$ cat model-v1.txt   # compact mmCIF, C-alpha atoms
# COMPACT_ATOMS: atom_id res chain seq x y z
CA MET A 1153 -8.75 37.75 -15.13
CA SER A 1154 -12.05 37.65 -13.34
CA PHE A 1155 -12.70 35.16 -10.60
CA THR A 1156 -15.08 32.37 -11.62
CA ALA A 1157 -16.76 30.80 -8.65
CA VAL A 1158 -16.40 27.11 -8.01
CA ALA A 1159 -20.06 26.66 -7.19
CA GLN A 1160 -23.27 27.98 -8.63
CA PRO A 1161 -25.26 30.31 -6.42
CA VAL A 1162 -27.64 28.66 -3.96
CA ASP A 1163 -30.72 30.34 -5.33
CA PHE A 1164 -29.91 29.12 -8.83
CA ILE A 1165 -29.96 25.54 -7.66
CA LYS A 1166 -32.94 26.09 -5.37
CA GLU A 1167 -35.01 27.32 -8.32
CA ARG A 1168 -34.03 24.40 -10.51
CA LEU A 1169 -34.78 21.78 -7.86
CA GLY A 1170 -38.11 23.34 -6.92
CA SER A 1171 -40.17 21.34 -4.48
CA LEU A 1172 -37.44 18.75 -4.16
CA TRP A 1173 -35.39 21.30 -2.26
CA ASP A 1174 -37.99 21.70 0.48
CA GLN A 1175 -38.53 18.00 0.66
CA ALA A 1176 -35.01 16.69 0.63
CA VAL A 1177 -32.41 19.33 1.47
CA LEU A 1178 -32.04 19.96 5.18
CA GLU A 1179 -29.61 22.86 4.92
CA HIS A 1180 -26.84 24.24 2.78
CA ILE A 1181 -23.37 25.45 3.71
CA GLU A 1182 -21.35 27.96 1.72
CA PHE A 1183 -17.68 28.34 2.47
CA ARG A 1184 -15.19 30.30 0.38
CA GLY A 1185 -17.15 29.76 -2.79
CA GLU A 1186 -17.86 26.05 -2.18
CA LEU A 1187 -21.41 24.84 -1.74
CA THR A 1188 -22.48 21.83 0.31
CA LEU A 1189 -26.02 20.50 0.48
CA ILE A 1190 -27.08 18.38 3.42
CA VAL A 1191 -29.52 15.85 2.00
CA LYS A 1192 -31.87 13.40 3.68
CA PRO A 1193 -30.67 9.84 3.09
CA GLU A 1194 -33.98 8.58 1.73
CA ASN A 1195 -33.92 11.25 -1.01
CA ILE A 1196 -30.31 10.98 -2.09
CA VAL A 1197 -31.04 9.17 -5.37
CA GLU A 1198 -33.77 11.66 -6.30
CA VAL A 1199 -31.59 14.67 -5.63
CA SER A 1200 -28.65 13.08 -7.49
CA THR A 1201 -30.79 12.34 -10.51
CA ALA A 1202 -32.18 15.88 -10.54
CA LEU A 1203 -28.71 17.39 -10.32
CA ARG A 1204 -27.45 15.17 -13.10
CA ASP A 1205 -30.32 15.52 -15.51
CA HIS A 1206 -31.49 19.12 -15.27
CA ALA A 1207 -30.42 21.09 -18.34
CA ASP A 1208 -28.88 23.96 -16.38
CA LEU A 1209 -27.20 21.86 -13.72
CA ARG A 1210 -25.76 18.78 -15.48
CA TYR A 1211 -23.58 17.42 -12.66
CA ASP A 1212 -22.52 14.43 -14.70
CA VAL A 1213 -19.28 13.44 -12.98
CA ILE A 1214 -18.98 12.12 -9.45
CA SER A 1215 -15.42 13.01 -8.68
CA ASP A 1216 -15.32 11.52 -5.21
CA LEU A 1217 -17.45 9.55 -2.79
CA THR A 1218 -16.17 9.11 0.71
CA ALA A 1219 -17.26 8.84 4.31
CA ILE A 1220 -16.54 10.50 7.64
CA ASP A 1221 -16.64 8.90 11.07
CA ASN A 1222 -17.81 11.37 13.73
CA GLN A 1223 -17.20 9.25 16.79
CA ARG A 1224 -14.22 11.21 18.06
CA ASP A 1225 -15.81 14.67 17.68
CA GLU A 1226 -16.03 16.67 20.91
CA ASP A 1227 -19.77 17.20 20.59
CA TYR A 1228 -20.64 13.70 19.44
CA THR A 1229 -23.51 11.91 21.18
CA PRO A 1230 -25.10 8.60 20.22
CA GLU A 1231 -28.19 10.48 18.98
CA LYS A 1232 -26.16 12.21 16.30
CA PRO A 1233 -25.36 10.32 13.11
CA ARG A 1234 -22.10 8.42 13.36
CA PHE A 1235 -21.21 8.50 9.69
CA TYR A 1236 -21.59 10.99 6.88
CA VAL A 1237 -21.29 9.99 3.23
CA VAL A 1238 -19.94 12.82 1.09
CA TYR A 1239 -20.45 13.12 -2.66
CA ASN A 1240 -18.33 15.55 -4.68
CA LEU A 1241 -19.91 16.35 -8.03
CA PHE A 1242 -18.55 18.15 -11.07
CA SER A 1243 -20.30 19.44 -14.17
CA THR A 1244 -18.37 19.18 -17.42
CA LYS A 1245 -20.89 21.53 -19.02
CA THR A 1246 -20.87 24.41 -16.57
CA LYS A 1247 -17.53 23.57 -14.90
CA HIS A 1248 -19.03 24.00 -11.45
CA ARG A 1249 -18.64 21.81 -8.42
CA ILE A 1250 -21.03 20.94 -5.62
CA ARG A 1251 -20.91 18.69 -2.60
CA LEU A 1252 -23.69 16.59 -1.11
CA ARG A 1253 -23.59 15.19 2.37
CA SER A 1254 -25.89 12.57 3.75
CA ALA A 1255 -25.98 10.43 6.88
CA PRO A 1256 -26.63 6.71 6.52
CA VAL A 1257 -29.31 5.36 8.82
CA GLY A 1258 -28.93 2.65 11.39
CA PRO A 1259 -26.66 1.57 14.22
CA ALA A 1260 -23.07 0.49 13.65
CA ASP A 1261 -22.67 -2.25 16.25
CA ASP A 1262 -23.50 -5.92 16.77
CA ASN A 1263 -22.72 -6.71 13.14
CA GLN A 1264 -25.29 -4.21 11.92
CA LEU A 1265 -24.27 -1.78 9.23
CA PRO A 1266 -25.66 1.71 8.61
CA LYS A 1267 -27.56 1.81 5.33
CA ILE A 1268 -27.99 4.31 2.54
CA ASP A 1269 -29.16 3.97 -1.05
CA THR A 1270 -26.56 3.46 -3.72
CA VAL A 1271 -25.98 6.09 -6.41
CA THR A 1272 -24.48 3.65 -8.92
CA THR A 1273 -27.74 3.90 -10.85
CA VAL A 1274 -27.08 7.61 -11.26
CA TRP A 1275 -23.30 7.61 -11.86
CA CYS A 1276 -21.40 4.41 -12.74
CA GLY A 1277 -18.22 5.89 -11.32
CA ALA A 1278 -19.55 5.55 -7.80
CA ASN A 1279 -19.23 1.78 -7.93
CA TRP A 1280 -15.69 1.35 -6.59
CA HIS A 1281 -15.94 4.36 -4.29
CA GLU A 1282 -18.90 2.78 -2.54
CA ARG A 1283 -17.03 -0.49 -2.29
CA GLU A 1284 -14.17 1.38 -0.63
CA CYS A 1285 -16.55 3.04 1.85
CA TYR A 1286 -17.99 -0.35 2.65
CA ASP A 1287 -14.54 -1.85 3.09
CA MET A 1288 -13.12 0.94 5.23
CA PHE A 1289 -16.19 2.12 7.21
CA GLY A 1290 -18.72 -0.66 7.02
CA ILE A 1291 -21.52 1.35 5.38
CA ASP A 1292 -24.03 -0.76 3.49
CA PHE A 1293 -25.08 0.70 0.14
CA VAL A 1294 -28.50 -0.76 -0.56
CA GLY A 1295 -28.88 -1.85 -4.15
CA HIS A 1296 -25.17 -1.90 -5.01
CA PRO A 1297 -24.53 -4.50 -7.74
CA ASP A 1298 -21.29 -5.87 -6.25
CA LEU A 1299 -20.69 -4.80 -2.66
CA ARG A 1300 -17.53 -6.56 -1.49
CA ARG A 1301 -14.17 -5.58 -0.11
CA ILE A 1302 -11.85 -3.80 -2.49
CA LEU A 1303 -8.66 -3.00 -0.56
CA MET A 1304 -8.49 -5.48 2.30
CA PRO A 1305 -8.31 -9.25 1.76
CA PRO A 1306 -11.80 -10.71 1.26
CA ASP A 1307 -11.85 -12.56 4.57
CA TRP A 1308 -10.78 -9.57 6.67
CA GLU A 1309 -12.71 -8.87 9.85
CA GLY A 1310 -13.33 -5.28 10.86
CA TYR A 1311 -13.51 -1.90 9.19
CA PRO A 1312 -10.10 -0.24 9.38
CA LEU A 1313 -10.91 3.47 9.00
CA ARG A 1314 -13.45 3.56 11.79
CA LYS A 1315 -12.24 5.55 14.76
CA ASP A 1316 -12.50 2.58 17.09
CA PHE A 1317 -10.26 0.38 14.96
CA PRO A 1318 -6.70 0.19 16.33
CA VAL A 1319 -3.86 1.81 14.43
CA ASN A 1320 -0.76 -0.16 15.39
CA ASP A 1321 -0.24 -3.51 13.81
CA GLN A 1322 0.20 -5.23 17.19
CA GLU A 1323 -3.07 -3.80 18.49
CA VAL A 1324 -4.82 -5.00 15.34
CA TYR A 1325 -3.87 -8.58 16.13
CA GLN A 1326 -5.13 -8.21 19.69
CA TYR A 1327 -8.36 -6.69 18.38
CA ILE A 1328 -8.94 -9.50 15.91
CA ASN A 1329 -8.11 -12.19 18.44
CA LYS A 1330 -10.51 -10.61 20.87
CA GLN A 1331 -13.25 -10.57 18.22
CA LEU A 1332 -12.66 -14.24 17.52
CA ALA A 1333 -12.63 -15.06 21.23
CA ASP A 1334 -15.90 -13.23 21.80
CA GLU A 1335 -17.62 -15.20 19.08
CA MET B 1007 55.68 -21.15 -11.85
CA GLY B 1008 54.53 -17.61 -11.79
CA ILE B 1009 51.01 -18.47 -12.77
CA GLU B 1010 50.68 -21.07 -10.02
CA ASN B 1011 51.54 -18.49 -7.39
CA LYS B 1012 49.03 -16.11 -8.86
CA LEU B 1013 46.37 -18.79 -8.80
CA VAL B 1014 47.21 -19.56 -5.18
CA ASP B 1015 46.72 -15.90 -4.30
CA VAL B 1016 43.40 -15.79 -6.07
CA ILE B 1017 41.88 -19.04 -4.92
CA GLY B 1018 43.55 -19.22 -1.56
CA SER B 1019 44.76 -22.76 -1.60
CA ASP B 1020 47.03 -25.00 -3.59
CA ILE B 1021 45.62 -25.44 -7.05
CA ILE B 1022 46.30 -29.12 -7.07
CA THR B 1023 44.04 -29.60 -4.05
CA THR B 1024 41.53 -26.95 -4.84
CA THR B 1025 38.36 -27.84 -3.14
CA ALA B 1026 35.19 -27.97 -5.11
CA GLU B 1027 33.62 -25.55 -2.70
CA SER B 1028 35.71 -22.58 -3.60
CA VAL B 1029 35.10 -23.06 -7.30
CA ILE B 1030 31.41 -23.58 -6.86
CA ASN B 1031 31.04 -20.65 -4.49
CA TRP B 1032 33.03 -18.45 -6.83
CA ALA B 1033 30.71 -19.35 -9.68
CA ARG B 1034 27.59 -18.84 -7.62
CA LYS B 1035 28.48 -15.53 -6.09
CA ASN B 1036 29.64 -13.93 -9.30
CA ALA B 1037 26.42 -14.59 -11.21
CA ILE B 1038 23.55 -13.88 -8.89
CA TRP B 1039 20.47 -13.25 -11.02
CA PRO B 1040 17.72 -11.50 -9.11
CA VAL B 1041 13.98 -11.81 -9.30
CA THR B 1042 12.50 -8.41 -8.83
CA MET B 1043 9.90 -8.14 -6.14
CA GLY B 1044 9.63 -4.42 -6.76
CA LEU B 1045 6.69 -3.55 -4.56
CA SER B 1046 7.05 0.14 -3.86
CA CYS B 1047 9.45 3.09 -3.97
CA CYS B 1048 12.54 0.96 -3.38
CA ALA B 1049 11.83 -0.51 -6.80
CA ILE B 1050 12.85 2.83 -8.32
CA GLU B 1051 16.22 2.63 -6.60
CA MET B 1052 16.52 -0.97 -7.79
CA MET B 1053 15.89 0.22 -11.33
CA ALA B 1054 18.56 2.85 -10.80
CA VAL B 1055 20.96 0.13 -9.73
CA ALA B 1056 20.19 -1.80 -12.90
CA ALA B 1057 20.67 1.25 -15.08
CA SER B 1058 23.95 2.47 -16.47
CA ARG B 1059 25.24 4.76 -13.72
CA TYR B 1060 25.35 2.26 -10.86
CA ASP B 1061 25.17 -0.86 -13.01
CA ILE B 1062 24.73 -3.99 -10.96
CA ALA B 1063 25.62 -6.07 -14.02
CA ARG B 1064 29.23 -5.35 -13.12
CA PHE B 1065 28.72 -7.47 -10.02
CA GLY B 1066 27.19 -10.39 -11.80
CA SER B 1067 23.49 -9.58 -11.80
CA GLU B 1068 23.43 -9.40 -15.53
CA ALA B 1069 19.78 -10.30 -15.99
CA PHE B 1070 16.82 -9.58 -13.76
CA ARG B 1071 14.58 -12.52 -14.48
CA ALA B 1072 10.85 -12.09 -14.27
CA SER B 1073 10.33 -15.77 -13.59
CA PRO B 1074 11.38 -17.03 -10.16
CA ARG B 1075 12.21 -20.41 -11.63
CA GLN B 1076 15.17 -18.88 -13.47
CA ALA B 1077 16.54 -16.70 -10.67
CA ASP B 1078 18.53 -17.22 -7.52
CA LEU B 1079 18.11 -13.99 -5.56
CA LEU B 1080 14.87 -12.45 -4.34
CA ILE B 1081 15.23 -8.72 -3.73
CA ILE B 1082 12.20 -7.59 -1.77
CA ALA B 1083 12.14 -3.91 -2.68
CA GLY B 1084 9.24 -2.14 -1.06
CA THR B 1085 6.40 -2.38 1.42
CA LEU B 1086 5.03 -5.88 1.92
CA THR B 1087 1.29 -5.69 2.59
CA LYS B 1088 -0.74 -8.46 4.14
CA LYS B 1089 -2.57 -8.97 0.87
CA MET B 1090 0.71 -9.46 -1.00
CA ALA B 1091 2.35 -11.74 1.59
CA PRO B 1092 1.00 -15.08 0.25
CA VAL B 1093 2.09 -14.07 -3.25
CA LEU B 1094 5.61 -13.35 -2.03
CA ARG B 1095 5.75 -16.71 -0.30
CA ARG B 1096 4.59 -18.45 -3.47
CA VAL B 1097 7.25 -16.72 -5.57
CA TYR B 1098 9.92 -17.66 -3.01
CA ASP B 1099 8.77 -21.29 -3.03
CA GLN B 1100 9.01 -21.42 -6.80
CA MET B 1101 12.69 -20.52 -6.80
CA ALA B 1102 15.17 -23.38 -7.07
CA GLU B 1103 17.91 -23.95 -4.51
CA PRO B 1104 20.37 -22.35 -3.89
CA LYS B 1105 18.42 -19.17 -3.31
CA TRP B 1106 18.99 -16.08 -1.20
CA VAL B 1107 16.82 -13.18 -0.10
CA ILE B 1108 17.75 -9.54 0.31
CA SER B 1109 15.27 -7.31 2.06
CA MET B 1110 15.83 -3.84 0.71
CA GLY B 1111 14.71 -0.78 2.57
CA ALA B 1112 13.01 -0.11 5.87
CA CYS B 1113 9.57 -1.41 4.89
CA ALA B 1114 10.78 -4.84 3.84
CA SER B 1115 13.10 -5.14 6.83
CA CYS B 1116 10.76 -4.12 9.63
CA GLY B 1117 7.60 -2.51 8.29
CA GLY B 1118 9.28 0.87 7.96
CA MET B 1119 7.19 3.90 8.84
CA PHE B 1120 3.99 1.89 8.32
CA ASN B 1121 3.10 0.30 11.63
CA VAL B 1122 -0.50 -0.20 10.47
CA TYR B 1123 -3.16 -2.80 9.95
CA SER B 1124 -2.30 -3.62 6.39
CA VAL B 1125 1.51 -3.91 6.39
CA VAL B 1126 3.54 -6.96 7.37
CA GLN B 1127 6.11 -5.77 9.89
CA GLY B 1128 9.11 -7.15 8.10
CA ALA B 1129 9.36 -9.59 5.22
CA ASP B 1130 11.16 -12.02 7.50
CA GLU B 1131 7.77 -12.94 8.92
CA VAL B 1132 7.12 -14.63 5.58
CA VAL B 1133 10.48 -15.65 4.03
CA PRO B 1134 13.94 -16.17 5.54
CA VAL B 1135 16.17 -13.18 4.82
CA ASP B 1136 19.95 -13.19 4.30
CA VAL B 1137 20.85 -9.53 4.04
CA TYR B 1138 18.93 -6.56 5.42
CA ILE B 1139 19.60 -3.19 3.83
CA PRO B 1140 18.32 -0.22 5.83
CA GLY B 1141 17.33 3.02 4.16
CA CYS B 1142 14.28 4.81 2.91
CA PRO B 1143 15.13 4.21 0.17
CA PRO B 1144 18.67 2.87 0.39
CA ARG B 1145 20.96 4.52 -2.09
CA PRO B 1146 21.92 2.43 -5.11
CA GLU B 1147 25.40 2.12 -3.65
CA ALA B 1148 23.84 0.63 -0.52
CA LEU B 1149 22.03 -2.00 -2.56
CA ILE B 1150 25.24 -2.84 -4.37
CA TYR B 1151 27.00 -3.10 -1.03
CA GLY B 1152 24.28 -5.43 0.18
CA VAL B 1153 24.78 -7.64 -2.85
CA MET B 1154 28.50 -7.64 -2.16
CA GLN B 1155 27.86 -8.65 1.44
CA LEU B 1156 25.78 -11.49 0.08
CA GLN B 1157 28.69 -12.47 -2.12
CA ARG B 1158 30.90 -12.65 0.96
CA LYS B 1159 28.29 -14.79 2.67
CA ILE B 1160 28.12 -17.15 -0.30
CA ASN B 1161 31.89 -17.40 -0.27
CA ASP B 1162 31.72 -18.86 3.22
CA MET B 1163 29.07 -21.39 2.38
CA LYS B 1164 29.85 -25.07 2.71
CA LEU B 1165 28.41 -27.58 0.29
CA GLY B 1166 25.44 -29.11 1.97
CA MET B 1167 25.14 -26.33 4.57
CA PRO B 1168 21.53 -26.23 5.74
CA ARG B 1169 19.63 -23.00 5.19
CA HIS B 1170 19.00 -22.23 8.81
CA GLU B 1171 22.68 -22.19 9.65
CA MET B 1172 23.35 -19.19 7.44
CA LYS B 1173 23.20 -16.16 9.70
CA PRO B 1174 21.59 -13.00 8.36
CA VAL B 1175 23.66 -9.89 7.86
CA VAL B 1176 22.60 -6.30 8.41
CA VAL B 1177 24.46 -3.82 6.24
CA GLY B 1178 26.18 -1.29 8.46
CA GLU B 1179 26.61 -3.50 11.50
CA SER B 1180 30.00 -5.09 11.00
CA LYS B 1181 33.20 -3.53 12.23
CA GLU B 1182 34.50 -2.88 8.77
CA ASP B 1183 31.35 -0.95 7.85
CA GLN B 1184 31.82 1.31 10.80
CA ARG B 1185 35.45 2.18 10.41
CA VAL B 1186 36.19 5.73 9.37
CA PRO B 1187 37.86 5.77 5.95
CA GLU B 1188 41.33 7.30 5.82
CA ARG B 1189 41.69 10.47 3.89
CA MET B 1190 43.32 10.21 0.55
CA THR B 1191 46.61 12.05 0.41
CA ALA B 1192 48.00 13.41 -2.84
$ encode --input "model-v1.txt" --output "structure tokens"
Amino acid sequence: MSFTAVAQPVDFIKERLGSLWDQAVLEHIEFRGELTLIVKPENIVEVSTALRDHADLRYDVISDLTAIDNQRDEDYTPEKPRFYVVYNLFSTKTKHRIRLRSAPVGPADDNQLPKIDTVTTVWCGANWHERECYDMFGIDFVGHPDLRRILMPPDWEGYPLRKDFPVNDQEVYQYINKQLADE
Amino acid sequence: MGIENKLVDVIGSDIITTTAESVINWARKNAIWPVTMGLSCCAIEMMAVAASRYDIARFGSEAFRASPRQADLLIIAGTLTKKMAPVLRRVYDQMAEPKWVISMGACASCGGMFNVYSVVQGADEVVPVDVYIPGCPPRPEALIYGVMQLQRKINDMKLGMPRHEMKPVVVGESKEDQRVPERMTA
């Protein structure tokens, strides 16, 4: 049985995207047959649409959409992006997978949320995943039809999966009381 | 003659002056119908208890009622999250007196392994609990033992006893739970 790669070769995708590659894709990472494209946040919808609609690519399923908080990394500085949003795509036609990574823009303090465009116009399945990222990380998806909390109660304060959110239940109460006292 | 002695042994007092309490408590403890608050993995063990091998119907819990209005025992089987807590309280409030609560498993008793932002650290922050059953999950025999402990508690109830005077029981704490069983000989 021959080994079928998980991802299409980089050059294959580079040819199909054409000028969009130079404009939007900052770099690509290949690791053990998996391909990740680092995409500029302002071009994420364009790149997603191109990957979904091109006849040879046809990445029609978004199998996961999640976020990463970089605050606790050893080499993290405030100039670097705090969050990444990661899109895992699958093609039912070619059976290949690809990953996109993009960094939402904006600070994450003083009740401001980092922003990135929504991809619900490209894949409907991203709807609840983006709601979960908003609920857990506090990332604002601009243009989302229904951006509200999905796991936590609707009046919950705070974004639990951020690295600065406390883990223990007791510390959570202290954190929330402190937030209320500061207001 | 013979039957009166037998009845004295069973009921524990002279049949002529049987108190209403013992009859009422006997009736209540032998037909405890639970409402299932099967929240998580402990619900599977609760289903096992209701199935044929461990069969809690032998102990009186013949029917698990879905409606709290028709039940007298609330078995909280599983992790109680903060989102679910008001729902649990509402179901408890809808039950008619007399009602009892068993918190089954580690999560319902104290939050279990989940000391996190979304889990209530023990169902007794929301409802008053009568019997705590430790375990993750407790074996079906442990749940049956908890129900039996509740039956012993009900036996000691006085008519008109206020709710807050009933002390909670933790399965495994009493002296008789800790004694080492004698080996069977022959």
$ interface_residues --input "model-v1.txt" --of "chain B" --to "chain A" --cutoff "8 Å" --atoms "only C-alpha atoms" --output "VMD selection string"
chain B and resid 1088 to 1089 1121 to 1125 1127
$ axis_aligned_box --input "model-v1.txt" --around "range 1292-1310 of chain A" --padding-each-side "3 Å" --output "JSON"
{"center_x": -18.6, "center_y": -5.9, "center_z": 1.6, "size_x": 26.6, "size_y": 19.3, "size_z": 24.6}
$ closest_residue --input "model-v1.txt" --among "A:Arg1300, A:Arg1283, A:Val1274, A:Asp1262" --to "Asp1334 in chain A" --atoms "all atoms listed in the file"
A:Asp1262
$ residues_around --input "model-v1.txt" --residues "Cys1048 in chain B" --least-positions-apart "4" --cutoff "9 Å" --atoms "all atoms listed in the file" --output "list in words"
Gly1044, Met1052, Met1053, Ile1082, Ala1083, Gly1084, Thr1085, Met1110, Gly1111, Cys1142, Pro1143 and Pro1144 of chain B
$ closest_residue --input "model-v1.txt" --among "B:Met1101, B:Ile1160, B:Met1043, B:Met1154" --to "Ala1129 in chain B" --atoms "all atoms listed in the file"
B:Met1043
$ closest_residue --input "model-v1.txt" --among "B:Ala1148, B:Ile1062, B:Pro1140, B:Asp1078" --to "Ala1112 in chain B" --atoms "all atoms listed in the file"
B:Pro1140
$ closest_residue --input "model-v1.txt" --among "B:Val1153, B:Ala1049, B:Val1093, B:Val1107" --to "Arg1064 in chain B" --atoms "only C-alpha atoms"
B:Val1153
$ residues_around --input "model-v1.txt" --residues "range 1233-1238 of chain A" --least-positions-apart "2" --cutoff "6 Å" --atoms "all atoms listed in the file" --output "ChimeraX atom specification"
/A:1217-1222,1252-1255
$ write_last_selection --input "model-v1.txt" --atoms "C-alpha atoms" --output "compact mmCIF listing (two decimals), in the frame of the given file"
# COMPACT_ATOMS: atom_id res chain seq x y z
CA LEU A 1217 -17.45 9.55 -2.79
CA THR A 1218 -16.17 9.11 0.71
CA ALA A 1219 -17.26 8.84 4.31
CA ILE A 1220 -16.54 10.50 7.64
CA ASP A 1221 -16.64 8.90 11.07
CA ASN A 1222 -17.81 11.37 13.73
CA LEU A 1252 -23.69 16.59 -1.11
CA ARG A 1253 -23.59 15.19 2.37
CA SER A 1254 -25.89 12.57 3.75
CA ALA A 1255 -25.98 10.43 6.88
$ residues_around --input "model-v1.txt" --residues "Ile1214 in chain A" --least-positions-apart "4" --cutoff "12 Å" --atoms "only C-alpha atoms" --output "ChimeraX atom specification"
/A:1200-1201,1203-1204,1210,1218,1238-1244,1249-1252,1271-1272,1274-1282
$ residues_around --input "model-v1.txt" --residues "Val1041 in chain B" --least-positions-apart "6" --cutoff "12 Å" --atoms "only C-alpha atoms" --output "compact mmCIF listing (two decimals) with C-alpha atoms, in the coordinates of the input"
# COMPACT_ATOMS: atom_id res chain seq x y z
CA ALA B 1049 11.83 -0.51 -6.80
CA MET B 1052 16.52 -0.97 -7.79
CA SER B 1067 23.49 -9.58 -11.80
CA GLU B 1068 23.43 -9.40 -15.53
CA ALA B 1069 19.78 -10.30 -15.99
CA PHE B 1070 16.82 -9.58 -13.76
CA ARG B 1071 14.58 -12.52 -14.48
CA ALA B 1072 10.85 -12.09 -14.27
CA SER B 1073 10.33 -15.77 -13.59
CA PRO B 1074 11.38 -17.03 -10.16
CA ARG B 1075 12.21 -20.41 -11.63
CA GLN B 1076 15.17 -18.88 -13.47
CA ALA B 1077 16.54 -16.70 -10.67
CA ASP B 1078 18.53 -17.22 -7.52
CA LEU B 1079 18.11 -13.99 -5.56
CA LEU B 1080 14.87 -12.45 -4.34
CA ILE B 1081 15.23 -8.72 -3.73
CA ILE B 1082 12.20 -7.59 -1.77
CA ALA B 1083 12.14 -3.91 -2.68
CA LEU B 1094 5.61 -13.35 -2.03
CA VAL B 1097 7.25 -16.72 -5.57
CA TYR B 1098 9.92 -17.66 -3.01
CA GLN B 1100 9.01 -21.42 -6.80
CA MET B 1101 12.69 -20.52 -6.80
CA ALA B 1102 15.17 -23.38 -7.07
CA LYS B 1105 18.42 -19.17 -3.31
CA TRP B 1106 18.99 -16.08 -1.20
CA VAL B 1107 16.82 -13.18 -0.10
CA ILE B 1108 17.75 -9.54 0.31
$ residues_near_point --input "model-v1.txt" --point "(29.3, -17.6, -10.3)" --cutoff "12 Å" --atoms "only C-alpha atoms" --output "list in words"
Glu1027, Ser1028, Val1029, Ile1030, Asn1031, Trp1032, Ala1033, Arg1034, Lys1035, Asn1036, Ala1037, Ile1038, Trp1039, Phe1065, Gly1066, Ser1067, Glu1068, Asp1078, Pro1104, Gln1157, Ile1160 and Asn1161 of chain B
$ residues_around --input "model-v1.txt" --residues "Glu1147 in chain B" --least-positions-apart "2" --cutoff "10 Å" --atoms "only C-alpha atoms" --output "VMD selection string"
chain B and resid 1051 1054 to 1055 1060 to 1062 1144 to 1145 1149 to 1153
